[in-house]
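Have a look at model35.txt below; it lists compact mmCIF, C-alpha atoms and all ligand atoms.
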```
# COMPACT_ATOMS: atom_id res chain seq x y z
CA MET A 1 -13.93 -9.84 -9.18
CA ILE A 2 -10.64 -11.58 -9.77
CA THR A 3 -7.22 -9.94 -9.73
CA ARG A 4 -4.50 -11.86 -11.53
CA LYS A 5 -1.44 -10.20 -10.07
CA THR A 6 -0.28 -8.33 -6.96
CA GLU A 7 -0.27 -4.96 -8.76
CA ASP A 8 -3.94 -5.35 -9.68
CA THR A 9 -4.88 -5.82 -6.04
CA ILE A 10 -2.88 -2.72 -5.16
CA ALA A 11 -4.70 -0.84 -7.93
CA LEU A 12 -8.04 -2.02 -6.58
CA GLY A 13 -7.10 -0.79 -3.10
CA GLU A 14 -6.09 2.51 -4.62
CA LYS A 15 -9.45 2.80 -6.34
CA LEU A 16 -11.20 2.31 -3.00
CA GLY A 17 -8.79 4.66 -1.22
CA LYS A 18 -9.76 7.49 -3.54
CA LEU A 19 -13.42 7.04 -2.65
CA LEU A 20 -13.00 6.93 1.11
CA ASN A 21 -13.91 9.63 3.58
CA ARG A 22 -12.83 10.30 7.11
CA GLY A 23 -14.61 7.93 9.49
CA ASP A 24 -14.95 5.10 6.99
CA VAL A 25 -14.28 1.60 8.29
CA ILE A 26 -13.14 -1.23 6.02
CA ALA A 27 -13.01 -4.86 7.20
CA LEU A 28 -10.71 -7.14 5.19
CA LYS A 29 -11.68 -10.78 5.60
CA GLY A 30 -10.52 -14.05 4.16
CA ASP A 31 -7.69 -16.41 3.42
CA LEU A 32 -4.13 -16.15 4.68
CA ALA A 33 -2.10 -14.54 1.90
CA GLY A 34 -5.40 -13.53 0.34
CA GLY A 35 -4.08 -10.06 -0.36
CA LYS A 36 -5.47 -8.02 2.55
CA THR A 37 -2.21 -6.24 3.35
CA THR A 38 -1.46 -5.85 -0.36
CA PHE A 39 -4.84 -4.18 -0.81
CA THR A 40 -4.12 -1.89 2.15
CA LYS A 41 -0.93 -0.76 0.38
CA GLY A 42 -3.18 0.49 -2.43
CA ILE A 43 -5.37 2.40 0.01
CA GLY A 44 -2.19 3.94 1.39
CA LYS A 45 -1.12 4.94 -2.09
CA ALA A 46 -4.40 6.78 -2.64
CA LEU A 47 -3.94 8.61 0.66
CA ASN A 48 -0.38 9.61 -0.29
CA ILE A 49 1.16 7.71 2.58
CA ARG A 50 4.89 7.51 1.98
CA GLU A 51 5.74 4.97 4.61
CA VAL A 52 5.71 1.33 3.50
CA ILE A 53 2.57 -0.42 4.71
CA ASN A 54 3.18 -3.96 5.92
CA SER A 55 2.05 -6.23 8.75
CA PRO A 56 4.89 -7.13 11.06
CA THR A 57 4.06 -10.29 12.99
CA PHE A 58 3.57 -8.71 16.40
CA THR A 59 2.21 -5.33 15.40
CA ILE A 60 -1.53 -5.10 15.83
CA LEU A 61 -2.08 -1.41 15.21
CA LYS A 62 -0.16 0.99 13.07
CA ILE A 63 -1.17 4.57 12.34
CA TYR A 64 0.04 6.11 9.09
CA LYS A 65 -0.09 9.78 8.19
CA GLY A 66 -1.15 10.82 4.72
CA ASP A 67 -3.85 13.08 3.28
CA GLN A 68 -5.91 11.36 5.97
CA ALA A 69 -4.74 9.23 8.87
CA LEU A 70 -4.89 5.50 8.22
CA TYR A 71 -5.46 3.21 11.19
CA HIS A 72 -4.31 -0.21 10.05
CA ILE A 73 -5.30 -2.99 12.42
CA ASP A 74 -4.23 -6.58 11.97
CA ALA A 75 -6.28 -8.45 14.58
CA TYR A 76 -4.90 -11.89 13.69
CA ARG A 77 -2.87 -12.15 16.90
CA LEU A 78 -5.72 -10.95 19.08
CA GLU A 79 -7.64 -14.13 18.28
CA ASN A 80 -10.51 -14.09 20.70
CA ASN A 81 -8.86 -12.25 23.53
CA GLU A 82 -11.21 -9.26 23.30
CA TYR A 83 -8.24 -6.96 23.67
CA ASP A 84 -9.19 -3.29 23.54
CA LEU A 85 -6.79 -1.25 21.42
CA GLY A 86 -8.36 1.90 22.84
CA ILE A 87 -8.89 3.51 19.47
CA ASP A 88 -12.67 3.34 19.09
CA GLU A 89 -12.89 7.04 19.91
CA TYR A 90 -10.54 7.91 17.04
CA GLU A 91 -12.73 6.32 14.44
CA ASP A 92 -13.88 9.69 13.12
CA GLU A 93 -10.35 11.00 12.77
CA GLY A 94 -9.24 8.90 9.88
CA ILE A 95 -9.83 5.76 7.88
CA MET A 96 -9.83 2.44 9.66
CA VAL A 97 -8.76 -0.73 7.87
CA ILE A 98 -9.08 -3.95 9.85
CA GLU A 99 -7.58 -7.28 8.80
CA TRP A 100 -9.10 -10.31 10.52
CA PRO A 101 -12.17 -8.39 11.79
CA GLU A 102 -13.55 -11.66 13.15
CA TYR A 103 -11.04 -11.19 15.97
CA TYR A 104 -12.09 -7.60 16.59
CA ARG A 105 -15.81 -8.14 16.47
CA ASN A 106 -16.72 -6.31 19.66
CA HIS A 107 -15.15 -3.12 18.38
CA LEU A 108 -16.62 -3.05 14.89
CA PRO A 109 -19.04 -0.19 14.28
CA GLY A 110 -22.63 -0.83 13.20
CA GLN A 111 -21.79 -0.15 9.59
CA TYR A 112 -18.67 -0.89 7.60
CA LEU A 113 -17.51 -2.04 4.19
CA GLU A 114 -16.55 -5.69 4.15
CA VAL A 115 -14.05 -6.97 1.60
CA ASN A 116 -13.70 -10.73 1.13
CA PHE A 117 -10.45 -12.21 -0.19
CA THR A 118 -10.25 -15.73 -1.59
CA TYR A 119 -6.96 -17.34 -2.58
CA ILE A 120 -7.44 -18.97 -5.98
CA ASP A 121 -3.89 -19.76 -7.04
CA ASP A 122 -0.37 -18.29 -6.81
CA GLU A 123 -1.28 -15.19 -8.77
CA SER A 124 -5.06 -14.92 -8.60
CA ARG A 125 -7.36 -13.72 -5.86
CA GLN A 126 -11.10 -13.25 -5.80
CA ILE A 127 -12.08 -9.99 -4.13
CA ASP A 128 -15.68 -9.09 -3.33
CA PHE A 129 -17.22 -6.09 -1.59
CA VAL A 130 -20.19 -6.36 0.75
CA ALA A 131 -21.89 -3.38 2.38
CA GLN A 132 -22.58 -3.92 6.04
CA GLY A 133 -25.07 -1.13 6.48
CA GLU A 134 -26.76 1.29 4.14
CA ARG A 135 -23.94 3.82 4.32
CA TYR A 136 -21.68 1.52 2.28
CA GLU A 137 -24.12 0.25 -0.34
CA LYS A 138 -23.12 2.68 -3.07
CA LEU A 139 -19.42 2.13 -2.40
CA ALA A 140 -19.77 -1.67 -2.55
CA GLU A 141 -21.66 -1.38 -5.80
CA VAL A 142 -19.01 0.84 -7.39
CA MET A 143 -16.19 -1.38 -6.13
CA ASN A 144 -17.78 -4.56 -7.46
CA VAL A 145 -17.74 -3.20 -11.00
CA ASP A 146 -14.78 -4.86 -12.66
CA THR A 147 -12.55 -2.14 -14.07
CA MET A 148 -9.43 -4.31 -14.00
CA HIS A 149 -9.96 -6.32 -17.14
N1 LIG B 201 -3.53 -11.21 -7.31
C1 LIG B 201 -2.87 -11.02 -6.17
N2 LIG B 201 -3.37 -10.17 -5.23
C2 LIG B 201 -2.76 -10.00 -4.05
N3 LIG B 201 -1.61 -10.59 -3.68
C3 LIG B 201 -1.07 -11.44 -4.57
C4 LIG B 201 -1.66 -11.69 -5.83
N4 LIG B 201 -0.88 -12.59 -6.49
C5 LIG B 201 0.13 -12.87 -5.68
N5 LIG B 201 0.04 -12.21 -4.52
C6 LIG B 201 0.98 -12.30 -3.39
O1 LIG B 201 0.30 -12.91 -2.31
C7 LIG B 201 0.76 -12.34 -1.09
C8 LIG B 201 -0.43 -11.73 -0.37
O2 LIG B 201 0.01 -11.38 0.90
P1 LIG B 201 -0.75 -10.37 1.85
O3 LIG B 201 0.20 -10.11 2.97
O4 LIG B 201 -1.27 -9.21 1.10
O5 LIG B 201 -1.97 -11.27 2.34
P2 LIG B 201 -2.87 -11.10 3.63
O6 LIG B 201 -4.25 -11.41 3.23
O7 LIG B 201 -2.60 -9.78 4.26
O8 LIG B 201 -2.31 -12.27 4.56
P3 LIG B 201 -2.43 -12.44 6.15
O9 LIG B 201 -3.73 -13.12 6.41
O10 LIG B 201 -1.27 -13.28 6.52
O11 LIG B 201 -2.37 -11.07 6.76
C9 LIG B 201 1.81 -11.30 -1.44
O12 LIG B 201 3.08 -11.89 -1.37
C10 LIG B 201 1.46 -10.96 -2.88
O13 LIG B 201 2.55 -10.50 -3.64
MG MG B 202 -2.02 -9.22 6.17
```
Once you've parsed the file, please lay out its structure as structure tokens.
Amino acid sequence: MITRKTEDTIALGEKLGKLLNRGDVIALKGDLAGGKTTFTKGIGKALNIREVINSPTFTILKIYKGDQALYHIDAYRLENNEYDLGIDEYEDEGIMVIEWPEYYRNHLPGQYLEVNFTYIDDESRQIDFVAQGERYEKLAEVMNVDTMH
């Protein structure tokens, strides 16, 4: 679907956040400034995280505490260095959101929900959900229903 302003992308993230369970893994792919971090703010809102969610340039992993723990990974700076953040074993302890999962490929679980962000213009972004694995099919289907417009 298409969101036409920042707040709509936050609202979409919030919608997903409300549907997530402990152990869920979300991979946010796509254009620079596509809205991946903005969307993560919405997930944080749903989890009642009070801290501001952002992506400082040199921070690769940040753990936020809310109703559930949120592991926010921005793999952009890892590029293809295969760096191990050492958090695979914590996957079941919270919700994992990974920006630039192409740079964290070796650590992705077998199943996850992929979200694709496309920059359309200043204010519009296309956002599509793809289930990677059966576990996420229902969630992708629900998330692809346009409730924004
Ligand atoms: N419809 C929209 N959805 C999301 N962000 C929008 C929208 N319209 C404008 N923006 C703006 O675009 C920017 C998106 O930045 P954001 O950091 O979320 O992107 P990103 O995908 O995380 O980028 P990066 O790849 O650098 O991590 C923000 O400044 C946001 O306010
Ligand atoms: Mg980002």
Quick one: residues within 10 Å of Ile87 (chain A), all atoms listed in the file counted, chain neighbours fewer than 4 positions away excluded, as a ChimeraX atom specification?
-> /A:61,71,91,96,107
Between CA of Leu12 (chain A) and atom C1 of ligand LIG 201 (chain B), what is the spacing in Å?
-> 10.4 Å
Output the neighbourhood of ligand MG 202 (chain B) as a PyMOL selection string, that is, all protein and nucleic acid residues with some atom at most 12 Å from the ligand, counting only C-alpha atoms and all ligand atoms.
-> chain A and resi 27-41+53-61+72-77+97-101+117
Identify, on the basis of all atoms listed in the file, every residue whose closest approach to region 126-139 of chain A does not exceed 9 Å; exclude the query and any residue fewer than 5 positions from it along the same chain; express the result as number ranges by chain.
-> A: 1-4, 9, 16, 19-20, 24, 34-35, 110-120, 144
Who sits within 12 Å of Asp67 (chain A), all atoms listed in the file, same chain under 5 positions skipped, as number ranges by chain | A: 17-18, 20-22, 43-50, 93-95
Rounded to one decimal in Å, what is the spacing between CA of Tyr104 (chain A) and CA of Ser124 (chain A)?
->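 Between these atoms lies a distance of 27.2 Å.
Remark: for ligand LIG 201 (chain B), the closest of the candidate residues A:Ala140, A:Ala69, A:Met148, A:Leu85 is A:Met148 (distances computed over all atoms listed in the file).
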For region 44-62 of chain A, supply N, CA and C atoms and format the output as a compact mmCIF listing (two decimals), in the coordinates of the input.
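Saved file selection-v3.txt follows:
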```txt
# COMPACT_ATOMS: atom_id res chain seq x y z
N GLY A 44 -3.23 3.02 0.95
CA GLY A 44 -2.19 3.94 1.39
C GLY A 44 -1.68 4.81 0.25
N LYS A 45 -1.57 4.21 -0.91
CA LYS A 45 -1.12 4.94 -2.09
C LYS A 45 -2.09 6.08 -2.41
N ALA A 46 -3.38 5.76 -2.35
CA ALA A 46 -4.40 6.78 -2.64
C ALA A 46 -4.37 7.91 -1.62
N LEU A 47 -3.97 7.60 -0.40
CA LEU A 47 -3.94 8.61 0.66
C LEU A 47 -2.58 9.33 0.73
N ASN A 48 -1.72 9.01 -0.25
CA ASN A 48 -0.38 9.61 -0.29
C ASN A 48 0.44 9.33 0.97
N ILE A 49 0.33 8.12 1.44
CA ILE A 49 1.16 7.71 2.58
C ILE A 49 2.50 7.26 2.01
N ARG A 50 3.57 7.82 2.54
CA ARG A 50 4.89 7.51 1.98
C ARG A 50 5.52 6.29 2.63
N GLU A 51 5.18 6.11 3.89
CA GLU A 51 5.74 4.97 4.61
C GLU A 51 5.26 3.65 3.98
N VAL A 52 6.10 2.63 4.05
CA VAL A 52 5.71 1.33 3.50
C VAL A 52 4.71 0.67 4.44
N ILE A 53 3.59 0.25 3.90
CA ILE A 53 2.57 -0.42 4.71
C ILE A 53 2.83 -1.93 4.68
N ASN A 54 3.01 -2.51 5.84
CA ASN A 54 3.18 -3.96 5.92
C ASN A 54 2.54 -4.43 7.23
N SER A 55 2.65 -5.70 7.52
CA SER A 55 2.05 -6.23 8.75
C SER A 55 3.07 -7.05 9.51
N PRO A 56 3.92 -6.37 10.27
CA PRO A 56 4.89 -7.13 11.06
C PRO A 56 4.16 -8.07 12.02
N THR A 57 4.74 -9.22 12.24
CA THR A 57 4.06 -10.29 12.99
C THR A 57 3.42 -9.83 14.30
N PHE A 58 4.12 -9.03 15.08
CA PHE A 58 3.57 -8.71 16.40
C PHE A 58 3.00 -7.30 16.51
N THR A 59 2.80 -6.66 15.37
CA THR A 59 2.21 -5.33 15.40
C THR A 59 0.73 -5.44 15.09
N ILE A 60 -0.09 -4.98 16.01
CA ILE A 60 -1.53 -5.10 15.83
C ILE A 60 -2.13 -3.81 15.27
N LEU A 61 -1.57 -2.70 15.70
CA LEU A 61 -2.08 -1.41 15.21
C LEU A 61 -0.94 -0.55 14.72
N LYS A 62 -1.12 0.00 13.54
CA LYS A 62 -0.16 0.99 13.07
C LYS A 62 -0.92 2.18 12.49
```
